[in-house]
Amino acid sequence: MTQGMANQDVDSKVDAQIEEFITMMAEKHQFDPDFIKQTLNGANKNQTILEAIAKPWEAKPWHQYFPIFLTEKRLAKGLAFWQEHQEDLQRAEQETGVPAQIIVAIIGVETFYGTYKGKYSVLDALYTLGFYYPPRATFFKSELAEYFLLTREEGFDLADVKGSYAGAMGWGQFISSSYRHYAVDFDDDGVRDLLNNPTDAIGSVANYFKRHGWQSGEPIAFKATVATSSNKVDDLVSKSLKYKHTWQELNDAGVRLDDKTSLSAQQSVKLLAFEQPDNTEYWVGLPNFYTITRYNHSPLYAMAVFQFSQQLQQAMELK
């Protein structure tokens with residue numbers, strides 16, 4: 001098959017998928033099919049987006065990943081944000097149980113406090129990934145549908161909203177489905193504005209964590225050591241984010257915590273391994289660590305948020 005014929009085959013498959021999408025949006029969500037078709041005709045396939053999603057930061061080893069986020073500049077900006085929005089953060093913590101430092105850390109890691117909210121057209125991003133990125137096409141077509149629904153509900157201009165290469169938006173980088181289901185109008189002005197309103201972003205990040213099972217007052221993770229004689233550790237470290245082990249099982253396999261730290265035998269935990277230049281660093285994740293991975297499905301991301309939140313809390317206590 002020639003390259004031209006291959007491209008025609010791809011185009012015909014995409015055309016069929018687009019027609020199927022238009023029909024679904026009309027029948028399931030009562031959109032005008034001509035509106036959906038016209039909108040998608042105005043969307044652009046963006047090769048840069050396809051290249052970006054193929055090389056996510058989360059593919060880096062830990063020792064290359066964390067320096068991107070744990071910087072003095074981000075810490076200073078985070079403290080200024082915390083002080084400026086202290087009242088909103090305190091109220092969010094009281095209403096949801098999610099600590100202020102976690103909320104501040106998330107917004108800092110995601111957009112450097114609104115500085116970098118994304119340069120890509122959200123429509124183009126979801127169109128590109130939904131129809132030209134087979135590994136996750138089903139997910140992104142679903143998010144494209146959610147984006148149409150979101151813009152109809154919130155009154156956004158479909159073509160105007162900018163975000164990340166994956167279609168995440170605003171101060172907290174919510175994808176369309178998360179925006180629809182977890183965004184809150186935290187300042188009671190009648191608008192759930194995560195694009196330009198940090199107060200709504202604070203309340204919405206807190207609500208997202210609460211709705212995903214955040215346990216108020218509970219720890220997040222503990223640094224661990226592993227007995228050199230243990231031959232079971234590799235079996236306990238898995239790519240799955242789900243918690244399948246108890247502290248008793250990890251302890252029996254030679255995993256140890258600081259002498260001052262104790263966990264109940266049946267506590268649900270996960271052994272986490274982070275690659276350093278010369279060794280592997282181990283941590284024991286607790287349910288709140290898992291909740292952070294609901295925001296971004298990466299242990300590296302969750303650990304960066306956790307450690308940044310600790311830096312913020314310690315620095316804030318010195319103020």
# chains A, B, ... in the order shown; residues from 1 in each chain; ligands from 1
call {"tool": "residues_around", "arguments": {"residues": "Lys37 (chain A)", "least_positions_apart": "6", "cutoff": "10 Å", "atoms": "only C-alpha atoms", "output": "ChimeraX atom specification"}}
result
/A:18-19,21-23,43
call {"tool": "residues_around", "arguments": {"residues": "Phe274 (chain A)", "least_positions_apart": "4", "cutoff": "8 Å", "atoms": "only C-alpha atoms", "output": "list in words"}}
result
Pro61, Trp62, His63, Thr280, Glu281, Tyr282 and Leu300 of chain A
call {"tool": "residues_around", "arguments": {"residues": "Ile49 (chain A)", "least_positions_apart": "6", "cutoff": "8 Å", "atoms": "only C-alpha atoms", "output": "list of chain:residue names"}}
result
A:Ala125, A:Thr128, A:Leu129, A:Tyr165, A:Ala166
call {"tool": "residues_around", "arguments": {"residues": "Asn288 (chain A)", "least_positions_apart": "2", "cutoff": "8 Å", "atoms": "only C-alpha atoms", "output": "list in words"}}
result
Gly213, Trp214, Gln215, Glu218, Pro219, Ile220, Ala221, Gly285, Leu286, Tyr290, Thr291 and Ile292 of chain A
call {"tool": "write_last_selection", "arguments": {"atoms": "C-alpha atoms", "output": "PDB file, in the first residue's frame"}}
result
ATOM      1  CA  GLY A 213     -12.159  10.283  49.139  1.00  0.00           C
ATOM      2  CA  TRP A 214      -9.727  12.626  50.881  1.00  0.00           C
ATOM      3  CA  GLN A 215      -9.432  11.617  54.549  1.00  0.00           C
ATOM      4  CA  GLU A 218      -4.803  11.572  57.852  1.00  0.00           C
ATOM      5  CA  PRO A 219      -1.197  11.266  56.579  1.00  0.00           C
ATOM      6  CA  ILE A 220      -0.265  10.941  52.916  1.00  0.00           C
ATOM      7  CA  ALA A 221       2.929   8.904  52.701  1.00  0.00           C
ATOM      8  CA  GLY A 285       1.616   5.497  50.206  1.00  0.00           C
ATOM      9  CA  LEU A 286      -1.592   5.773  52.201  1.00  0.00           C
ATOM     10  CA  TYR A 290      -4.037   7.516  46.161  1.00  0.00           C
ATOM     11  CA  THR A 291      -6.499  10.435  46.175  1.00  0.00           C
ATOM     12  CA  ILE A 292      -3.797  12.729  44.757  1.00  0.00           C
TER      13      ILE A 292
END
call {"tool": "residues_around", "arguments": {"residues": "region 97-106 of chain A", "least_positions_apart": "5", "cutoff": "8 Å", "atoms": "only C-alpha atoms", "output": "number ranges by chain"}}
result
A: 78, 81-82, 89-90, 92, 172, 202, 205-206, 209-210, 214-217, 305-306, 308-310, 312-313
call {"tool": "closest_residue", "arguments": {"among": "A:Gln173, A:Asn279, A:Gln47, A:Ser12", "to": "Tyr127 (chain A)", "atoms": "only C-alpha atoms"}}
result
A:Gln47
call {"tool": "closest_residue", "arguments": {"among": "A:Arg91, A:Arg136, A:Arg74, A:Lys319", "to": "Gly108 (chain A)", "atoms": "only C-alpha atoms"}}
result
A:Arg74
call {"tool": "closest_residue", "arguments": {"among": "A:Ala265, A:Asp259, A:Tyr65, A:Val226", "to": "Trp283 (chain A)", "atoms": "only C-alpha atoms"}}
result
A:Val226
call {"tool": "residues_around", "arguments": {"residues": "Trp247 (chain A)", "least_positions_apart": "4", "cutoff": "9 Å", "atoms": "only C-alpha atoms", "output": "list in words"}}
result
Asn251, Asp252, Val255, Leu263, Ser264, Ala265, Gln266, Gln267, Ser268, Val269, Lys270 and Val284 of chain A
call {"tool": "write_last_selection", "arguments": {"atoms": "N, CA and C atoms", "output": "tab-separated table (two decimals), in the first residue's frame"}}
result
chain	number	residue	atom	x	y	z
A	251	ASN	N	5.38	-5.05	55.82
A	251	ASN	CA	6.29	-5.22	56.95
A	251	ASN	C	6.90	-6.62	56.95
A	252	ASP	N	6.08	-7.61	56.65
A	252	ASP	CA	6.58	-8.99	56.59
A	252	ASP	C	7.59	-9.17	55.47
A	255	VAL	N	9.82	-4.26	54.65
A	255	VAL	CA	9.67	-2.80	54.53
A	255	VAL	C	9.57	-2.21	55.94
A	263	LEU	N	1.76	2.07	61.90
A	263	LEU	CA	0.54	1.87	61.13
A	263	LEU	C	-0.14	0.61	61.64
A	264	SER	N	-1.45	0.57	61.55
A	264	SER	CA	-2.17	-0.64	61.93
A	264	SER	C	-1.86	-1.74	60.93
A	265	ALA	N	-1.89	-2.97	61.39
A	265	ALA	CA	-1.52	-4.11	60.54
A	265	ALA	C	-2.35	-4.19	59.28
A	266	GLN	N	-3.64	-3.84	59.37
A	266	GLN	CA	-4.54	-3.97	58.23
A	266	GLN	C	-4.71	-2.68	57.44
A	267	GLN	N	-3.88	-1.67	57.73
A	267	GLN	CA	-3.94	-0.41	56.98
A	267	GLN	C	-3.67	-0.68	55.49
A	268	SER	N	-4.53	-0.18	54.62
A	268	SER	CA	-4.33	-0.32	53.18
A	268	SER	C	-3.20	0.61	52.74
A	269	VAL	N	-2.20	0.04	52.07
A	269	VAL	CA	-1.01	0.81	51.69
A	269	VAL	C	-0.52	0.37	50.31
A	270	LYS	N	0.41	1.16	49.79
A	270	LYS	CA	1.07	0.81	48.53
A	270	LYS	C	2.55	1.14	48.64
A	284	VAL	N	5.94	4.51	51.46
A	284	VAL	CA	4.69	3.80	51.67
A	284	VAL	C	3.55	4.80	51.50
call {"tool": "decode", "arguments": {"residues": "region 57-195 of chain A", "atoms": "C-alpha atoms", "output": "PDB file, in the first residue's frame"}}
result
ATOM      1  CA  TRP A  57       6.928  14.545  31.782  1.00  0.00           C
ATOM      2  CA  GLU A  58       5.678  11.648  33.900  1.00  0.00           C
ATOM      3  CA  ALA A  59       7.776   9.311  31.740  1.00  0.00           C
ATOM      4  CA  LYS A  60      10.938  10.800  33.259  1.00  0.00           C
ATOM      5  CA  PRO A  61      12.716   9.135  36.201  1.00  0.00           C
ATOM      6  CA  TRP A  62      11.978  10.738  39.581  1.00  0.00           C
ATOM      7  CA  HIS A  63      15.360  12.446  39.901  1.00  0.00           C
ATOM      8  CA  GLN A  64      14.700  14.310  36.639  1.00  0.00           C
ATOM      9  CA  TYR A  65      11.011  14.915  37.330  1.00  0.00           C
ATOM     10  CA  PHE A  66      10.906  16.514  40.767  1.00  0.00           C
ATOM     11  CA  PRO A  67      13.366  19.379  40.044  1.00  0.00           C
ATOM     12  CA  ILE A  68      10.852  20.679  37.484  1.00  0.00           C
ATOM     13  CA  PHE A  69       8.364  21.432  40.272  1.00  0.00           C
ATOM     14  CA  LEU A  70      10.259  21.732  43.551  1.00  0.00           C
ATOM     15  CA  THR A  71      11.908  25.094  42.991  1.00  0.00           C
ATOM     16  CA  GLU A  72      12.489  28.177  45.115  1.00  0.00           C
ATOM     17  CA  LYS A  73      10.640  30.274  42.546  1.00  0.00           C
ATOM     18  CA  ARG A  74       7.519  28.102  42.764  1.00  0.00           C
ATOM     19  CA  LEU A  75       7.731  28.063  46.553  1.00  0.00           C
ATOM     20  CA  ALA A  76       7.907  31.864  46.735  1.00  0.00           C
ATOM     21  CA  LYS A  77       4.986  32.198  44.338  1.00  0.00           C
ATOM     22  CA  GLY A  78       3.033  29.639  46.361  1.00  0.00           C
ATOM     23  CA  LEU A  79       3.538  31.478  49.617  1.00  0.00           C
ATOM     24  CA  ALA A  80       2.389  34.725  48.011  1.00  0.00           C
ATOM     25  CA  PHE A  81      -0.697  32.950  46.632  1.00  0.00           C
ATOM     26  CA  TRP A  82      -1.457  31.420  50.036  1.00  0.00           C
ATOM     27  CA  GLN A  83      -1.198  34.770  51.782  1.00  0.00           C
ATOM     28  CA  GLU A  84      -3.305  36.540  49.177  1.00  0.00           C
ATOM     29  CA  HIS A  85      -6.071  33.910  49.295  1.00  0.00           C
ATOM     30  CA  GLN A  86      -5.766  32.872  52.918  1.00  0.00           C
ATOM     31  CA  GLU A  87      -9.444  33.422  53.696  1.00  0.00           C
ATOM     32  CA  ASP A  88     -10.631  31.339  50.727  1.00  0.00           C
ATOM     33  CA  LEU A  89      -8.151  28.567  51.529  1.00  0.00           C
ATOM     34  CA  GLN A  90      -9.178  28.472  55.167  1.00  0.00           C
ATOM     35  CA  ARG A  91     -12.844  28.225  54.217  1.00  0.00           C
ATOM     36  CA  ALA A  92     -12.120  25.473  51.669  1.00  0.00           C
ATOM     37  CA  GLU A  93     -10.214  23.515  54.297  1.00  0.00           C
ATOM     38  CA  GLN A  94     -13.005  23.910  56.845  1.00  0.00           C
ATOM     39  CA  GLU A  95     -15.705  22.824  54.385  1.00  0.00           C
ATOM     40  CA  THR A  96     -13.885  19.888  52.763  1.00  0.00           C
ATOM     41  CA  GLY A  97     -11.127  18.804  55.118  1.00  0.00           C
ATOM     42  CA  VAL A  98      -8.519  19.234  52.373  1.00  0.00           C
ATOM     43  CA  PRO A  99      -5.458  21.084  53.732  1.00  0.00           C
ATOM     44  CA  ALA A 100      -4.636  24.497  52.325  1.00  0.00           C
ATOM     45  CA  GLN A 101      -1.117  23.384  51.459  1.00  0.00           C
ATOM     46  CA  ILE A 102      -2.442  20.611  49.216  1.00  0.00           C
ATOM     47  CA  ILE A 103      -4.721  23.019  47.351  1.00  0.00           C
ATOM     48  CA  VAL A 104      -1.895  25.540  46.961  1.00  0.00           C
ATOM     49  CA  ALA A 105       0.494  22.814  45.815  1.00  0.00           C
ATOM     50  CA  ILE A 106      -1.904  21.525  43.150  1.00  0.00           C
ATOM     51  CA  ILE A 107      -2.488  24.965  41.630  1.00  0.00           C
ATOM     52  CA  GLY A 108       1.244  25.659  41.767  1.00  0.00           C
ATOM     53  CA  VAL A 109       2.246  22.432  40.055  1.00  0.00           C
ATOM     54  CA  GLU A 110      -0.527  22.705  37.466  1.00  0.00           C
ATOM     55  CA  THR A 111      -0.241  26.316  36.288  1.00  0.00           C
ATOM     56  CA  PHE A 112       2.320  28.150  38.434  1.00  0.00           C
ATOM     57  CA  TYR A 113      -0.606  30.026  39.990  1.00  0.00           C
ATOM     58  CA  GLY A 114      -2.391  30.894  36.802  1.00  0.00           C
ATOM     59  CA  THR A 115       0.747  31.911  34.909  1.00  0.00           C
ATOM     60  CA  TYR A 116       0.764  28.972  32.493  1.00  0.00           C
ATOM     61  CA  LYS A 117      -2.793  27.820  31.836  1.00  0.00           C
ATOM     62  CA  GLY A 118      -2.040  26.376  28.403  1.00  0.00           C
ATOM     63  CA  LYS A 119      -1.538  27.656  24.884  1.00  0.00           C
ATOM     64  CA  TYR A 120      -3.521  25.110  22.880  1.00  0.00           C
ATOM     65  CA  SER A 121      -7.077  25.414  21.666  1.00  0.00           C
ATOM     66  CA  VAL A 122      -9.035  22.976  23.837  1.00  0.00           C
ATOM     67  CA  LEU A 123     -11.225  22.174  20.838  1.00  0.00           C
ATOM     68  CA  ASP A 124      -8.187  21.381  18.682  1.00  0.00           C
ATOM     69  CA  ALA A 125      -6.602  19.305  21.442  1.00  0.00           C
ATOM     70  CA  LEU A 126      -9.645  17.124  22.023  1.00  0.00           C
ATOM     71  CA  TYR A 127     -10.362  16.850  18.290  1.00  0.00           C
ATOM     72  CA  THR A 128      -6.756  15.826  17.578  1.00  0.00           C
ATOM     73  CA  LEU A 129      -6.538  13.262  20.376  1.00  0.00           C
ATOM     74  CA  GLY A 130     -10.066  11.984  19.922  1.00  0.00           C
ATOM     75  CA  PHE A 131      -9.692  11.213  16.226  1.00  0.00           C
ATOM     76  CA  TYR A 132      -5.947  10.905  15.596  1.00  0.00           C
ATOM     77  CA  TYR A 133      -4.526   9.275  18.741  1.00  0.00           C
ATOM     78  CA  PRO A 134      -5.759   5.657  18.768  1.00  0.00           C
ATOM     79  CA  PRO A 135      -4.241   4.636  22.143  1.00  0.00           C
ATOM     80  CA  ARG A 136      -6.645   6.924  24.012  1.00  0.00           C
ATOM     81  CA  ALA A 137      -9.147   7.908  21.344  1.00  0.00           C
ATOM     82  CA  THR A 138     -12.158   6.629  23.278  1.00  0.00           C
ATOM     83  CA  PHE A 139     -11.274   8.727  26.328  1.00  0.00           C
ATOM     84  CA  PHE A 140     -10.637  11.896  24.361  1.00  0.00           C
ATOM     85  CA  LYS A 141     -13.763  11.552  22.227  1.00  0.00           C
ATOM     86  CA  SER A 142     -15.647  11.290  25.507  1.00  0.00           C
ATOM     87  CA  GLU A 143     -13.909  14.449  26.741  1.00  0.00           C
ATOM     88  CA  LEU A 144     -14.770  16.191  23.469  1.00  0.00           C
ATOM     89  CA  ALA A 145     -18.436  15.381  24.091  1.00  0.00           C
ATOM     90  CA  GLU A 146     -18.048  16.687  27.646  1.00  0.00           C
ATOM     91  CA  TYR A 147     -16.490  19.861  26.260  1.00  0.00           C
ATOM     92  CA  PHE A 148     -19.488  20.515  24.021  1.00  0.00           C
ATOM     93  CA  LEU A 149     -21.761  20.003  27.035  1.00  0.00           C
ATOM     94  CA  LEU A 150     -19.604  22.193  29.278  1.00  0.00           C
ATOM     95  CA  THR A 151     -19.493  25.112  26.875  1.00  0.00           C
ATOM     96  CA  ARG A 152     -23.252  24.897  26.381  1.00  0.00           C
ATOM     97  CA  GLU A 153     -23.855  24.875  30.142  1.00  0.00           C
ATOM     98  CA  GLU A 154     -21.342  27.588  31.055  1.00  0.00           C
ATOM     99  CA  GLY A 155     -21.729  29.791  27.993  1.00  0.00           C
ATOM    100  CA  PHE A 156     -18.112  29.538  26.823  1.00  0.00           C
ATOM    101  CA  ASP A 157     -17.117  30.076  23.211  1.00  0.00           C
ATOM    102  CA  LEU A 158     -16.032  26.644  21.980  1.00  0.00           C
ATOM    103  CA  ALA A 159     -13.229  27.982  19.836  1.00  0.00           C
ATOM    104  CA  ASP A 160     -11.811  30.497  22.318  1.00  0.00           C
ATOM    105  CA  VAL A 161     -10.802  28.424  25.359  1.00  0.00           C
ATOM    106  CA  LYS A 162      -7.096  27.631  25.683  1.00  0.00           C
ATOM    107  CA  GLY A 163      -5.610  24.835  27.750  1.00  0.00           C
ATOM    108  CA  SER A 164      -3.027  22.079  27.870  1.00  0.00           C
ATOM    109  CA  TYR A 165      -2.181  19.716  25.027  1.00  0.00           C
ATOM    110  CA  ALA A 166      -4.560  17.226  26.693  1.00  0.00           C
ATOM    111  CA  GLY A 167      -7.429  19.714  26.867  1.00  0.00           C
ATOM    112  CA  ALA A 168      -7.158  20.622  30.562  1.00  0.00           C
ATOM    113  CA  MET A 169      -8.297  24.138  31.475  1.00  0.00           C
ATOM    114  CA  GLY A 170      -7.915  26.928  33.956  1.00  0.00           C
ATOM    115  CA  TRP A 171      -6.006  27.516  37.191  1.00  0.00           C
ATOM    116  CA  GLY A 172      -6.365  23.898  38.309  1.00  0.00           C
ATOM    117  CA  GLN A 173      -6.251  22.312  34.839  1.00  0.00           C
ATOM    118  CA  PHE A 174      -9.598  20.514  34.966  1.00  0.00           C
ATOM    119  CA  ILE A 175     -10.531  18.359  32.009  1.00  0.00           C
ATOM    120  CA  SER A 176     -14.036  18.898  30.688  1.00  0.00           C
ATOM    121  CA  SER A 177     -15.697  16.046  32.589  1.00  0.00           C
ATOM    122  CA  SER A 178     -14.057  17.118  35.852  1.00  0.00           C
ATOM    123  CA  TYR A 179     -15.084  20.721  35.248  1.00  0.00           C
ATOM    124  CA  ARG A 180     -18.702  19.664  34.774  1.00  0.00           C
ATOM    125  CA  HIS A 181     -18.828  17.368  37.792  1.00  0.00           C
ATOM    126  CA  TYR A 182     -16.543  18.969  40.396  1.00  0.00           C
ATOM    127  CA  ALA A 183     -16.302  22.711  39.697  1.00  0.00           C
ATOM    128  CA  VAL A 184     -18.022  24.939  42.272  1.00  0.00           C
ATOM    129  CA  ASP A 185     -19.007  28.594  42.383  1.00  0.00           C
ATOM    130  CA  PHE A 186     -16.938  29.283  45.501  1.00  0.00           C
ATOM    131  CA  ASP A 187     -17.462  33.044  45.568  1.00  0.00           C
ATOM    132  CA  ASP A 188     -21.225  32.833  44.896  1.00  0.00           C
ATOM    133  CA  ASP A 189     -21.192  35.155  41.889  1.00  0.00           C
ATOM    134  CA  GLY A 190     -23.334  32.793  39.825  1.00  0.00           C
ATOM    135  CA  VAL A 191     -20.497  31.508  37.624  1.00  0.00           C
ATOM    136  CA  ARG A 192     -18.246  28.467  37.964  1.00  0.00           C
ATOM    137  CA  ASP A 193     -15.196  30.159  36.483  1.00  0.00           C
ATOM    138  CA  LEU A 194     -12.063  28.043  36.702  1.00  0.00           C
ATOM    139  CA  LEU A 195     -10.490  29.821  33.754  1.00  0.00           C
TER     140      LEU A 195
END
